[in-house]
>>> print(open('run_32.cif').read())   # mmCIF, N, CA and C atoms
data_query
loop_
_atom_site.label_atom_id
_atom_site.label_comp_id
_atom_site.auth_asym_id
_atom_site.auth_seq_id
_atom_site.Cartn_x
_atom_site.Cartn_y
_atom_site.Cartn_z
N MET B 1 -21.66 -15.62 -11.73
CA MET B 1 -22.78 -15.13 -10.96
C MET B 1 -23.15 -13.74 -11.49
N ASN B 2 -24.05 -13.68 -12.42
CA ASN B 2 -24.42 -12.44 -13.10
C ASN B 2 -25.13 -11.44 -12.20
N ASP B 3 -25.72 -11.90 -11.11
CA ASP B 3 -26.45 -10.96 -10.26
C ASP B 3 -25.53 -10.02 -9.50
N LEU B 4 -24.24 -10.22 -9.55
CA LEU B 4 -23.29 -9.30 -8.92
C LEU B 4 -23.39 -7.91 -9.53
N LYS B 5 -23.71 -7.83 -10.81
CA LYS B 5 -23.76 -6.54 -11.51
C LYS B 5 -24.86 -5.63 -10.98
N ILE B 6 -25.89 -6.20 -10.37
CA ILE B 6 -26.98 -5.37 -9.87
C ILE B 6 -26.72 -4.89 -8.44
N LEU B 7 -25.68 -5.41 -7.80
CA LEU B 7 -25.36 -5.00 -6.43
C LEU B 7 -24.69 -3.63 -6.42
N THR B 8 -24.91 -2.90 -5.34
CA THR B 8 -24.22 -1.63 -5.17
C THR B 8 -22.79 -1.90 -4.70
N LEU B 9 -21.96 -0.88 -4.73
CA LEU B 9 -20.58 -1.02 -4.25
C LEU B 9 -20.58 -1.48 -2.79
N ARG B 10 -21.46 -0.91 -1.99
CA ARG B 10 -21.54 -1.29 -0.57
C ARG B 10 -21.93 -2.77 -0.44
N GLU B 11 -22.89 -3.21 -1.23
CA GLU B 11 -23.32 -4.62 -1.18
C GLU B 11 -22.19 -5.55 -1.62
N LEU B 12 -21.41 -5.11 -2.60
CA LEU B 12 -20.26 -5.92 -3.04
C LEU B 12 -19.22 -6.02 -1.93
N HIS B 13 -19.01 -4.92 -1.20
CA HIS B 13 -18.08 -4.97 -0.06
C HIS B 13 -18.57 -5.94 1.01
N ILE B 14 -19.86 -5.95 1.24
CA ILE B 14 -20.45 -6.88 2.22
C ILE B 14 -20.26 -8.32 1.74
N LYS B 15 -20.52 -8.55 0.46
CA LYS B 15 -20.35 -9.90 -0.11
C LYS B 15 -18.89 -10.36 0.05
N TRP B 16 -17.95 -9.45 -0.26
CA TRP B 16 -16.52 -9.76 -0.12
C TRP B 16 -16.20 -10.15 1.32
N GLN B 17 -16.70 -9.35 2.28
CA GLN B 17 -16.47 -9.61 3.70
C GLN B 17 -17.02 -10.98 4.09
N GLU B 18 -18.21 -11.32 3.60
CA GLU B 18 -18.82 -12.62 3.92
C GLU B 18 -17.97 -13.77 3.40
N ILE B 19 -17.45 -13.63 2.19
CA ILE B 19 -16.71 -14.72 1.56
C ILE B 19 -15.30 -14.85 2.12
N PHE B 20 -14.58 -13.72 2.18
CA PHE B 20 -13.16 -13.77 2.52
C PHE B 20 -12.86 -13.45 3.98
N LYS B 21 -13.90 -13.09 4.73
CA LYS B 21 -13.76 -12.79 6.16
C LYS B 21 -12.76 -11.65 6.42
N THR B 22 -12.68 -10.75 5.48
CA THR B 22 -11.82 -9.56 5.60
C THR B 22 -12.41 -8.48 4.70
N PRO B 23 -12.20 -7.22 5.05
CA PRO B 23 -12.74 -6.16 4.18
C PRO B 23 -12.11 -6.20 2.79
N ALA B 24 -12.86 -5.75 1.81
CA ALA B 24 -12.33 -5.65 0.44
C ALA B 24 -11.20 -4.63 0.46
N PRO B 25 -10.17 -4.85 -0.35
CA PRO B 25 -9.07 -3.89 -0.41
C PRO B 25 -9.57 -2.49 -0.77
N LYS B 26 -9.01 -1.49 -0.11
CA LYS B 26 -9.40 -0.10 -0.39
C LYS B 26 -9.06 0.24 -1.83
N GLY B 27 -9.92 1.01 -2.44
CA GLY B 27 -9.67 1.45 -3.80
C GLY B 27 -10.23 0.54 -4.88
N TYR B 28 -10.72 -0.64 -4.50
CA TYR B 28 -11.31 -1.52 -5.51
C TYR B 28 -12.59 -0.89 -6.04
N THR B 29 -12.68 -0.77 -7.33
CA THR B 29 -13.89 -0.24 -7.95
C THR B 29 -14.96 -1.33 -8.00
N LYS B 30 -16.17 -0.92 -8.31
CA LYS B 30 -17.27 -1.87 -8.44
C LYS B 30 -16.94 -2.92 -9.50
N LEU B 31 -16.43 -2.47 -10.65
CA LEU B 31 -16.10 -3.42 -11.71
C LEU B 31 -15.02 -4.41 -11.29
N TYR B 32 -14.03 -3.92 -10.53
CA TYR B 32 -12.96 -4.81 -10.11
C TYR B 32 -13.47 -5.83 -9.09
N LEU B 33 -14.32 -5.39 -8.17
CA LEU B 33 -14.89 -6.33 -7.21
C LEU B 33 -15.73 -7.39 -7.92
N ILE B 34 -16.52 -6.97 -8.89
CA ILE B 34 -17.32 -7.93 -9.65
C ILE B 34 -16.42 -8.94 -10.35
N LYS B 35 -15.34 -8.45 -10.96
CA LYS B 35 -14.40 -9.33 -11.67
C LYS B 35 -13.79 -10.37 -10.72
N GLU B 36 -13.33 -9.90 -9.55
CA GLU B 36 -12.69 -10.82 -8.60
C GLU B 36 -13.69 -11.80 -8.00
N LEU B 37 -14.88 -11.32 -7.66
CA LEU B 37 -15.89 -12.22 -7.08
C LEU B 37 -16.39 -13.23 -8.11
N THR B 38 -16.55 -12.78 -9.35
CA THR B 38 -16.98 -13.70 -10.41
C THR B 38 -15.96 -14.82 -10.58
N TRP B 39 -14.69 -14.46 -10.58
CA TRP B 39 -13.61 -15.46 -10.68
C TRP B 39 -13.71 -16.44 -9.52
N TYR B 40 -13.91 -15.90 -8.32
CA TYR B 40 -14.01 -16.76 -7.14
C TYR B 40 -15.16 -17.75 -7.27
N PHE B 41 -16.34 -17.26 -7.67
CA PHE B 41 -17.49 -18.15 -7.80
C PHE B 41 -17.29 -19.18 -8.91
N LYS B 42 -16.59 -18.80 -9.97
CA LYS B 42 -16.37 -19.71 -11.09
C LYS B 42 -15.34 -20.79 -10.75
N TYR B 43 -14.24 -20.39 -10.09
CA TYR B 43 -13.14 -21.33 -9.86
C TYR B 43 -12.95 -21.67 -8.38
N ASN B 44 -13.76 -21.08 -7.50
CA ASN B 44 -13.68 -21.30 -6.07
C ASN B 44 -12.31 -20.92 -5.51
N LYS B 45 -11.69 -19.93 -6.11
CA LYS B 45 -10.43 -19.40 -5.60
C LYS B 45 -10.21 -18.02 -6.21
N LEU B 46 -9.28 -17.31 -5.65
CA LEU B 46 -8.93 -15.99 -6.18
C LEU B 46 -8.05 -16.14 -7.41
N PRO B 47 -8.05 -15.13 -8.29
CA PRO B 47 -7.13 -15.17 -9.43
C PRO B 47 -5.70 -15.29 -8.91
N SER B 48 -4.87 -16.02 -9.63
CA SER B 48 -3.51 -16.31 -9.15
C SER B 48 -2.70 -15.05 -8.89
N LYS B 49 -2.89 -14.01 -9.70
CA LYS B 49 -2.14 -12.76 -9.51
C LYS B 49 -2.50 -12.12 -8.16
N LEU B 50 -3.81 -12.08 -7.85
CA LEU B 50 -4.26 -11.49 -6.59
C LEU B 50 -3.81 -12.36 -5.41
N GLN B 51 -3.92 -13.67 -5.55
CA GLN B 51 -3.51 -14.56 -4.47
C GLN B 51 -2.01 -14.43 -4.20
N LYS B 52 -1.22 -14.27 -5.26
CA LYS B 52 0.23 -14.09 -5.10
C LYS B 52 0.53 -12.80 -4.35
N GLN B 53 -0.21 -11.72 -4.68
CA GLN B 53 -0.02 -10.45 -3.97
C GLN B 53 -0.33 -10.61 -2.48
N ILE B 54 -1.43 -11.29 -2.19
CA ILE B 54 -1.82 -11.50 -0.79
C ILE B 54 -0.75 -12.31 -0.07
N ASN B 55 -0.28 -13.37 -0.71
CA ASN B 55 0.75 -14.21 -0.10
C ASN B 55 2.03 -13.40 0.17
N ASN B 56 2.40 -12.53 -0.77
CA ASN B 56 3.59 -11.70 -0.58
C ASN B 56 3.41 -10.74 0.59
N PHE B 57 2.20 -10.15 0.72
CA PHE B 57 1.94 -9.25 1.84
C PHE B 57 2.07 -10.00 3.17
N VAL B 58 1.50 -11.20 3.22
CA VAL B 58 1.56 -12.00 4.44
C VAL B 58 3.01 -12.34 4.77
N ASP B 59 3.77 -12.77 3.76
CA ASP B 59 5.19 -13.10 3.99
C ASP B 59 5.96 -11.89 4.50
N ASP B 60 5.76 -10.75 3.85
CA ASP B 60 6.44 -9.51 4.27
C ASP B 60 6.08 -9.15 5.71
N TYR B 61 4.80 -9.28 6.03
CA TYR B 61 4.35 -8.93 7.37
C TYR B 61 4.97 -9.87 8.41
N GLU B 62 5.01 -11.15 8.10
CA GLU B 62 5.57 -12.10 9.05
C GLU B 62 7.05 -11.83 9.30
N LYS B 63 7.76 -11.34 8.29
CA LYS B 63 9.20 -11.02 8.44
C LYS B 63 9.41 -9.73 9.22
N THR B 64 8.61 -8.72 8.94
CA THR B 64 8.88 -7.38 9.46
C THR B 64 7.87 -6.88 10.48
N LYS B 65 6.73 -7.54 10.58
CA LYS B 65 5.61 -7.10 11.42
C LYS B 65 5.13 -5.71 11.02
N SER B 66 5.35 -5.35 9.77
CA SER B 66 4.83 -4.09 9.24
C SER B 66 4.42 -4.33 7.79
N ILE B 67 3.70 -3.39 7.26
CA ILE B 67 3.22 -3.51 5.88
C ILE B 67 3.76 -2.34 5.08
N ASN B 68 4.31 -2.63 3.91
CA ASN B 68 4.79 -1.59 3.01
C ASN B 68 3.58 -1.04 2.26
N ILE B 69 3.14 0.12 2.67
CA ILE B 69 1.91 0.71 2.11
C ILE B 69 2.04 1.00 0.62
N ARG B 70 3.24 1.26 0.13
CA ARG B 70 3.44 1.53 -1.29
C ARG B 70 3.06 0.33 -2.14
N LYS B 71 3.33 -0.86 -1.63
CA LYS B 71 2.97 -2.07 -2.38
C LYS B 71 1.45 -2.23 -2.44
N ILE B 72 0.78 -1.88 -1.37
CA ILE B 72 -0.67 -2.06 -1.30
C ILE B 72 -1.39 -1.09 -2.21
N LYS B 73 -0.88 0.11 -2.34
CA LYS B 73 -1.58 1.14 -3.08
C LYS B 73 -1.35 1.08 -4.58
N LYS B 74 -0.90 -0.06 -5.09
CA LYS B 74 -0.76 -0.19 -6.53
C LYS B 74 -2.13 0.02 -7.16
N PHE B 75 -2.17 0.87 -8.15
CA PHE B 75 -3.43 1.31 -8.72
C PHE B 75 -3.66 0.60 -10.05
N GLU B 76 -4.68 -0.24 -10.09
CA GLU B 76 -5.05 -0.92 -11.32
C GLU B 76 -6.53 -0.64 -11.59
N VAL B 77 -6.81 -0.37 -12.83
CA VAL B 77 -8.18 -0.02 -13.20
C VAL B 77 -8.65 -0.94 -14.32
N THR B 78 -9.88 -1.39 -14.22
CA THR B 78 -10.49 -2.19 -15.27
C THR B 78 -10.98 -1.25 -16.37
N ILE B 79 -10.72 -1.63 -17.60
CA ILE B 79 -11.19 -0.83 -18.73
C ILE B 79 -12.71 -0.69 -18.63
N GLY B 80 -13.17 0.52 -18.82
CA GLY B 80 -14.60 0.81 -18.70
C GLY B 80 -14.98 1.45 -17.38
N THR B 81 -14.05 1.46 -16.41
CA THR B 81 -14.34 2.11 -15.13
C THR B 81 -14.56 3.59 -15.37
N LYS B 82 -15.62 4.12 -14.77
CA LYS B 82 -15.94 5.54 -14.92
C LYS B 82 -15.61 6.27 -13.63
N PHE B 83 -14.86 7.35 -13.76
CA PHE B 83 -14.52 8.21 -12.63
C PHE B 83 -15.36 9.48 -12.76
N ILE B 84 -16.04 9.83 -11.69
CA ILE B 84 -16.89 11.00 -11.71
C ILE B 84 -16.47 11.92 -10.56
N ARG B 85 -16.32 13.19 -10.88
CA ARG B 85 -15.93 14.17 -9.86
C ARG B 85 -16.63 15.49 -10.14
N GLU B 86 -17.15 16.06 -9.07
CA GLU B 86 -17.70 17.40 -9.20
C GLU B 86 -16.62 18.36 -8.72
N PHE B 87 -16.37 19.38 -9.51
CA PHE B 87 -15.35 20.37 -9.18
C PHE B 87 -15.86 21.75 -9.55
N LYS B 88 -15.90 22.62 -8.58
CA LYS B 88 -16.38 23.99 -8.77
C LYS B 88 -17.75 24.03 -9.46
N GLY B 89 -18.63 23.14 -8.98
CA GLY B 89 -20.00 23.14 -9.47
C GLY B 89 -20.24 22.41 -10.78
N GLU B 90 -19.18 21.88 -11.38
CA GLU B 90 -19.34 21.13 -12.63
C GLU B 90 -19.02 19.66 -12.42
N LYS B 91 -19.76 18.81 -13.12
CA LYS B 91 -19.55 17.37 -13.03
C LYS B 91 -18.64 16.93 -14.19
N TYR B 92 -17.60 16.16 -13.85
CA TYR B 92 -16.65 15.66 -14.85
C TYR B 92 -16.66 14.14 -14.83
N GLU B 93 -16.65 13.54 -16.03
CA GLU B 93 -16.62 12.08 -16.14
C GLU B 93 -15.42 11.67 -16.99
N VAL B 94 -14.72 10.67 -16.50
CA VAL B 94 -13.55 10.13 -17.19
C VAL B 94 -13.73 8.62 -17.26
N ILE B 95 -13.40 8.02 -18.39
CA ILE B 95 -13.56 6.57 -18.55
C ILE B 95 -12.19 5.95 -18.82
N ALA B 96 -11.89 4.88 -18.09
CA ALA B 96 -10.65 4.14 -18.31
C ALA B 96 -10.78 3.37 -19.63
N VAL B 97 -9.80 3.56 -20.50
CA VAL B 97 -9.78 2.89 -21.80
C VAL B 97 -8.41 2.25 -21.97
N ASN B 98 -8.30 1.44 -22.98
CA ASN B 98 -7.01 0.83 -23.28
C ASN B 98 -6.00 1.94 -23.59
N GLY B 99 -4.94 2.01 -22.83
CA GLY B 99 -3.91 3.02 -23.06
C GLY B 99 -4.05 4.29 -22.26
N GLY B 100 -5.06 4.37 -21.38
CA GLY B 100 -5.18 5.57 -20.56
C GLY B 100 -6.60 5.88 -20.16
N PHE B 101 -6.93 7.18 -20.24
CA PHE B 101 -8.22 7.66 -19.76
C PHE B 101 -8.82 8.61 -20.79
N ASN B 102 -10.10 8.41 -21.10
CA ASN B 102 -10.80 9.24 -22.07
C ASN B 102 -11.54 10.33 -21.32
N PHE B 103 -11.21 11.58 -21.67
CA PHE B 103 -11.90 12.72 -21.09
C PHE B 103 -12.24 13.69 -22.21
N ASN B 104 -13.53 13.95 -22.38
CA ASN B 104 -14.01 14.85 -23.43
C ASN B 104 -13.49 14.45 -24.82
N GLY B 105 -13.44 13.14 -25.07
CA GLY B 105 -13.04 12.66 -26.39
C GLY B 105 -11.54 12.63 -26.63
N LYS B 106 -10.75 12.97 -25.61
CA LYS B 106 -9.30 12.99 -25.77
C LYS B 106 -8.67 11.96 -24.83
N LEU B 107 -7.61 11.29 -25.29
CA LEU B 107 -6.93 10.27 -24.50
C LEU B 107 -5.82 10.90 -23.68
N TYR B 108 -5.81 10.57 -22.39
CA TYR B 108 -4.76 11.01 -21.48
C TYR B 108 -4.11 9.77 -20.88
N LYS B 109 -2.80 9.82 -20.65
CA LYS B 109 -2.09 8.66 -20.11
C LYS B 109 -2.42 8.41 -18.64
N THR B 110 -2.65 9.48 -17.88
CA THR B 110 -2.86 9.33 -16.43
C THR B 110 -4.07 10.13 -15.97
N LEU B 111 -4.57 9.74 -14.80
CA LEU B 111 -5.63 10.52 -14.17
C LEU B 111 -5.11 11.89 -13.75
N SER B 112 -3.84 11.96 -13.42
CA SER B 112 -3.25 13.25 -13.04
C SER B 112 -3.31 14.23 -14.20
N ALA B 113 -3.06 13.76 -15.40
CA ALA B 113 -3.13 14.63 -16.57
C ALA B 113 -4.55 15.18 -16.74
N VAL B 114 -5.55 14.33 -16.51
CA VAL B 114 -6.94 14.77 -16.61
C VAL B 114 -7.24 15.79 -15.51
N ALA B 115 -6.82 15.48 -14.28
CA ALA B 115 -7.06 16.40 -13.16
C ALA B 115 -6.41 17.75 -13.42
N ASN B 116 -5.23 17.74 -14.01
CA ASN B 116 -4.54 18.99 -14.32
C ASN B 116 -5.33 19.82 -15.34
N VAL B 117 -5.91 19.16 -16.34
CA VAL B 117 -6.72 19.86 -17.34
C VAL B 117 -7.97 20.46 -16.68
N ILE B 118 -8.59 19.70 -15.82
CA ILE B 118 -9.82 20.15 -15.17
C ILE B 118 -9.56 21.34 -14.24
N THR B 119 -8.48 21.24 -13.45
CA THR B 119 -8.24 22.25 -12.41
C THR B 119 -7.34 23.38 -12.86
N GLY B 120 -6.51 23.12 -13.86
CA GLY B 120 -5.54 24.13 -14.28
C GLY B 120 -4.30 24.17 -13.41
N THR B 121 -4.21 23.24 -12.45
CA THR B 121 -3.04 23.16 -11.58
C THR B 121 -2.63 21.70 -11.42
N HIS B 122 -1.45 21.48 -10.84
CA HIS B 122 -0.96 20.12 -10.65
C HIS B 122 -1.74 19.42 -9.54
N TRP B 123 -2.25 18.25 -9.85
CA TRP B 123 -3.00 17.43 -8.90
C TRP B 123 -2.54 15.99 -9.02
N ASN B 124 -2.60 15.26 -7.92
CA ASN B 124 -2.49 13.80 -7.97
C ASN B 124 -3.86 13.32 -8.42
N GLY B 125 -3.91 12.71 -9.60
CA GLY B 125 -5.18 12.31 -10.18
C GLY B 125 -5.97 11.33 -9.34
N LYS B 126 -5.26 10.38 -8.69
CA LYS B 126 -5.95 9.40 -7.85
C LYS B 126 -6.61 10.09 -6.67
N LYS B 127 -5.94 11.08 -6.11
CA LYS B 127 -6.54 11.82 -4.98
C LYS B 127 -7.69 12.70 -5.48
N PHE B 128 -7.49 13.34 -6.61
CA PHE B 128 -8.54 14.21 -7.17
C PHE B 128 -9.83 13.43 -7.40
N PHE B 129 -9.72 12.20 -7.91
CA PHE B 129 -10.91 11.39 -8.19
C PHE B 129 -11.30 10.48 -7.04
N GLY B 130 -10.57 10.58 -5.90
CA GLY B 130 -10.95 9.86 -4.68
C GLY B 130 -10.74 8.37 -4.73
N VAL B 131 -9.69 7.91 -5.42
CA VAL B 131 -9.46 6.47 -5.50
C VAL B 131 -8.28 6.01 -4.64
N VAL B 132 -7.70 6.91 -3.86
CA VAL B 132 -6.67 6.53 -2.87
C VAL B 132 -6.96 7.19 -1.56
#
>>> encode(input="run_32.cif", output="structure tokens")
Amino acid sequence: MNDLKILTLRELHIKWQEIFKTPAPKGYTKLYLIKELTWYFKYNKLPSKLQKQINNFVDDYEKTKSINIRKIKKFEVTIGTKFIREFKGEKYEVIAVNGGFNFNGKLYKTLSAVANVITGTHWNGKKFFGVV
């Protein structure tokens, strides 16, 4: 379904809610939502890796009646995802690439490393770029 690419992030969240009757997982980027929804429309099911994660969460919840938030917050990024942050009046753009993150033509292993370069202090990169 190629028309997914023209939808906004909000519209993709609405589409996810309509299909799966539950909100899209927090932290999913536009590209990741498009990837998962495209798979669903193509095969009429979720990718096996995502379905396995969901099944594990349900099993864990049924056993403990609680959710291990650390498991949920696993951070995966699709190559090509762009992170944009304004900091002290300047706009910074970082692109996820194979092997890490490209910032100003240099490869960094983590978003935290990029955030540290931008701010000059230690930062959790996911928090700095607003993805957790």
>>> resolve_selection(input="run_32.cif", expression="the PyMOL selection byres ((chain B and resi 77) around 8)", output="ChimeraX atom specification")
/B:29,31-32,74-76,78-81,96-97
>>> select_by_dssp(input="run_32.cif", residues="chain B", states="alpha helix (DSSP H)", output="number ranges by chain")
B: 9-20, 30-43, 48-64, 69-72, 111-119, 125-128
>>> select_by_dssp(input="run_32.cif", residues="segment 13-125 of chain B", states="strand (DSSP E)", output="number ranges by chain")
B: 82-87, 90-97, 100-103, 106-108
>>> residues_around(input="run_32.cif", residues="Ile118 of chain B", least_positions_apart="5", cutoff="8 Å", atoms="only N, CA and C atoms", output="list in words")
Phe87, Ser112 and Ala113 of chain B
>>> resolve_selection(input="run_32.cif", expression="the PyMOL selection byres ((chain B and resi 83) around 6.5)", output="ChimeraX atom specification")
/B:81-82,84-85,92-96
>>> resolve_selection(input="run_32.cif", expression="the PyMOL selection byres (((chain B and resi 10-13 and name CA) around 8) and name CA)", output="JSON, numbers by chain")
{"B": [4, 7, 8, 9, 14, 15, 16, 17, 23, 24, 30, 33, 34]}
>>> atom_distance(input="run_32.cif", atom1="atom C of Gly100 of chain B", atom2="atom N of Tyr28 of chain B")
17.5 Å
>>> atom_distance(input="run_32.cif", atom1="atom C of Asn98 of chain B", atom2="atom N of Val117 of chain B")
18.7 Å
>>> atom_distance(input="run_32.cif", atom1="atom CA of Val131 of chain B", atom2="atom CA of Lys5 of chain B")
20.2 Å
>>> closest_residue(input="run_32.cif", among="B:Gln51, B:Phe103, B:Leu46, B:Gly27", to="Gly130 of chain B", atoms="only N, CA and C atoms")
B:Gly27
>>> decode(input="run_32.cif", residues="segment 110-121 of chain B", atoms="N, CA, C and O atoms", output="PDB file, in the first residue's frame")
ATOM      1  N   THR B 110      26.128   5.492  18.588  1.00  0.00           N
ATOM      2  CA  THR B 110      24.880   5.675  19.332  1.00  0.00           C
ATOM      3  C   THR B 110      24.369   7.102  19.204  1.00  0.00           C
ATOM      4  O   THR B 110      25.124   8.029  18.918  1.00  0.00           O
ATOM      5  N   LEU B 111      23.081   7.253  19.483  1.00  0.00           N
ATOM      6  CA  LEU B 111      22.502   8.588  19.546  1.00  0.00           C
ATOM      7  C   LEU B 111      23.078   9.364  20.725  1.00  0.00           C
ATOM      8  O   LEU B 111      23.209  10.579  20.676  1.00  0.00           O
ATOM      9  N   SER B 112      23.439   8.662  21.778  1.00  0.00           N
ATOM     10  CA  SER B 112      24.040   9.322  22.938  1.00  0.00           C
ATOM     11  C   SER B 112      25.351   9.984  22.557  1.00  0.00           C
ATOM     12  O   SER B 112      25.647  11.102  23.002  1.00  0.00           O
ATOM     13  N   ALA B 113      26.144   9.324  21.735  1.00  0.00           N
ATOM     14  CA  ALA B 113      27.413   9.905  21.296  1.00  0.00           C
ATOM     15  C   ALA B 113      27.164  11.197  20.521  1.00  0.00           C
ATOM     16  O   ALA B 113      27.877  12.189  20.703  1.00  0.00           O
ATOM     17  N   VAL B 114      26.126  11.200  19.685  1.00  0.00           N
ATOM     18  CA  VAL B 114      25.787  12.401  18.924  1.00  0.00           C
ATOM     19  C   VAL B 114      25.313  13.501  19.873  1.00  0.00           C
ATOM     20  O   VAL B 114      25.743  14.649  19.777  1.00  0.00           O
ATOM     21  N   ALA B 115      24.435  13.142  20.810  1.00  0.00           N
ATOM     22  CA  ALA B 115      23.927  14.125  21.768  1.00  0.00           C
ATOM     23  C   ALA B 115      25.067  14.731  22.583  1.00  0.00           C
ATOM     24  O   ALA B 115      25.064  15.937  22.860  1.00  0.00           O
ATOM     25  N   ASN B 116      26.035  13.911  22.936  1.00  0.00           N
ATOM     26  CA  ASN B 116      27.182  14.404  23.695  1.00  0.00           C
ATOM     27  C   ASN B 116      27.986  15.422  22.881  1.00  0.00           C
ATOM     28  O   ASN B 116      28.438  16.437  23.414  1.00  0.00           O
ATOM     29  N   VAL B 117      28.160  15.164  21.592  1.00  0.00           N
ATOM     30  CA  VAL B 117      28.888  16.098  20.721  1.00  0.00           C
ATOM     31  C   VAL B 117      28.118  17.416  20.610  1.00  0.00           C
ATOM     32  O   VAL B 117      28.705  18.503  20.689  1.00  0.00           O
ATOM     33  N   ILE B 118      26.813  17.322  20.455  1.00  0.00           N
ATOM     34  CA  ILE B 118      25.992  18.519  20.287  1.00  0.00           C
ATOM     35  C   ILE B 118      25.987  19.372  21.558  1.00  0.00           C
ATOM     36  O   ILE B 118      26.133  20.591  21.497  1.00  0.00           O
ATOM     37  N   THR B 119      25.826  18.714  22.712  1.00  0.00           N
ATOM     38  CA  THR B 119      25.643  19.456  23.961  1.00  0.00           C
ATOM     39  C   THR B 119      26.934  19.709  24.721  1.00  0.00           C
ATOM     40  O   THR B 119      26.993  20.613  25.550  1.00  0.00           O
ATOM     41  N   GLY B 120      27.936  18.876  24.487  1.00  0.00           N
ATOM     42  CA  GLY B 120      29.176  18.991  25.248  1.00  0.00           C
ATOM     43  C   GLY B 120      29.097  18.342  26.612  1.00  0.00           C
ATOM     44  O   GLY B 120      30.032  18.420  27.405  1.00  0.00           O
ATOM     45  N   THR B 121      27.972  17.688  26.907  1.00  0.00           N
ATOM     46  CA  THR B 121      27.803  16.984  28.180  1.00  0.00           C
ATOM     47  C   THR B 121      27.170  15.620  27.931  1.00  0.00           C
ATOM     48  O   THR B 121      26.688  15.337  26.838  1.00  0.00           O
TER      49      THR B 121
END
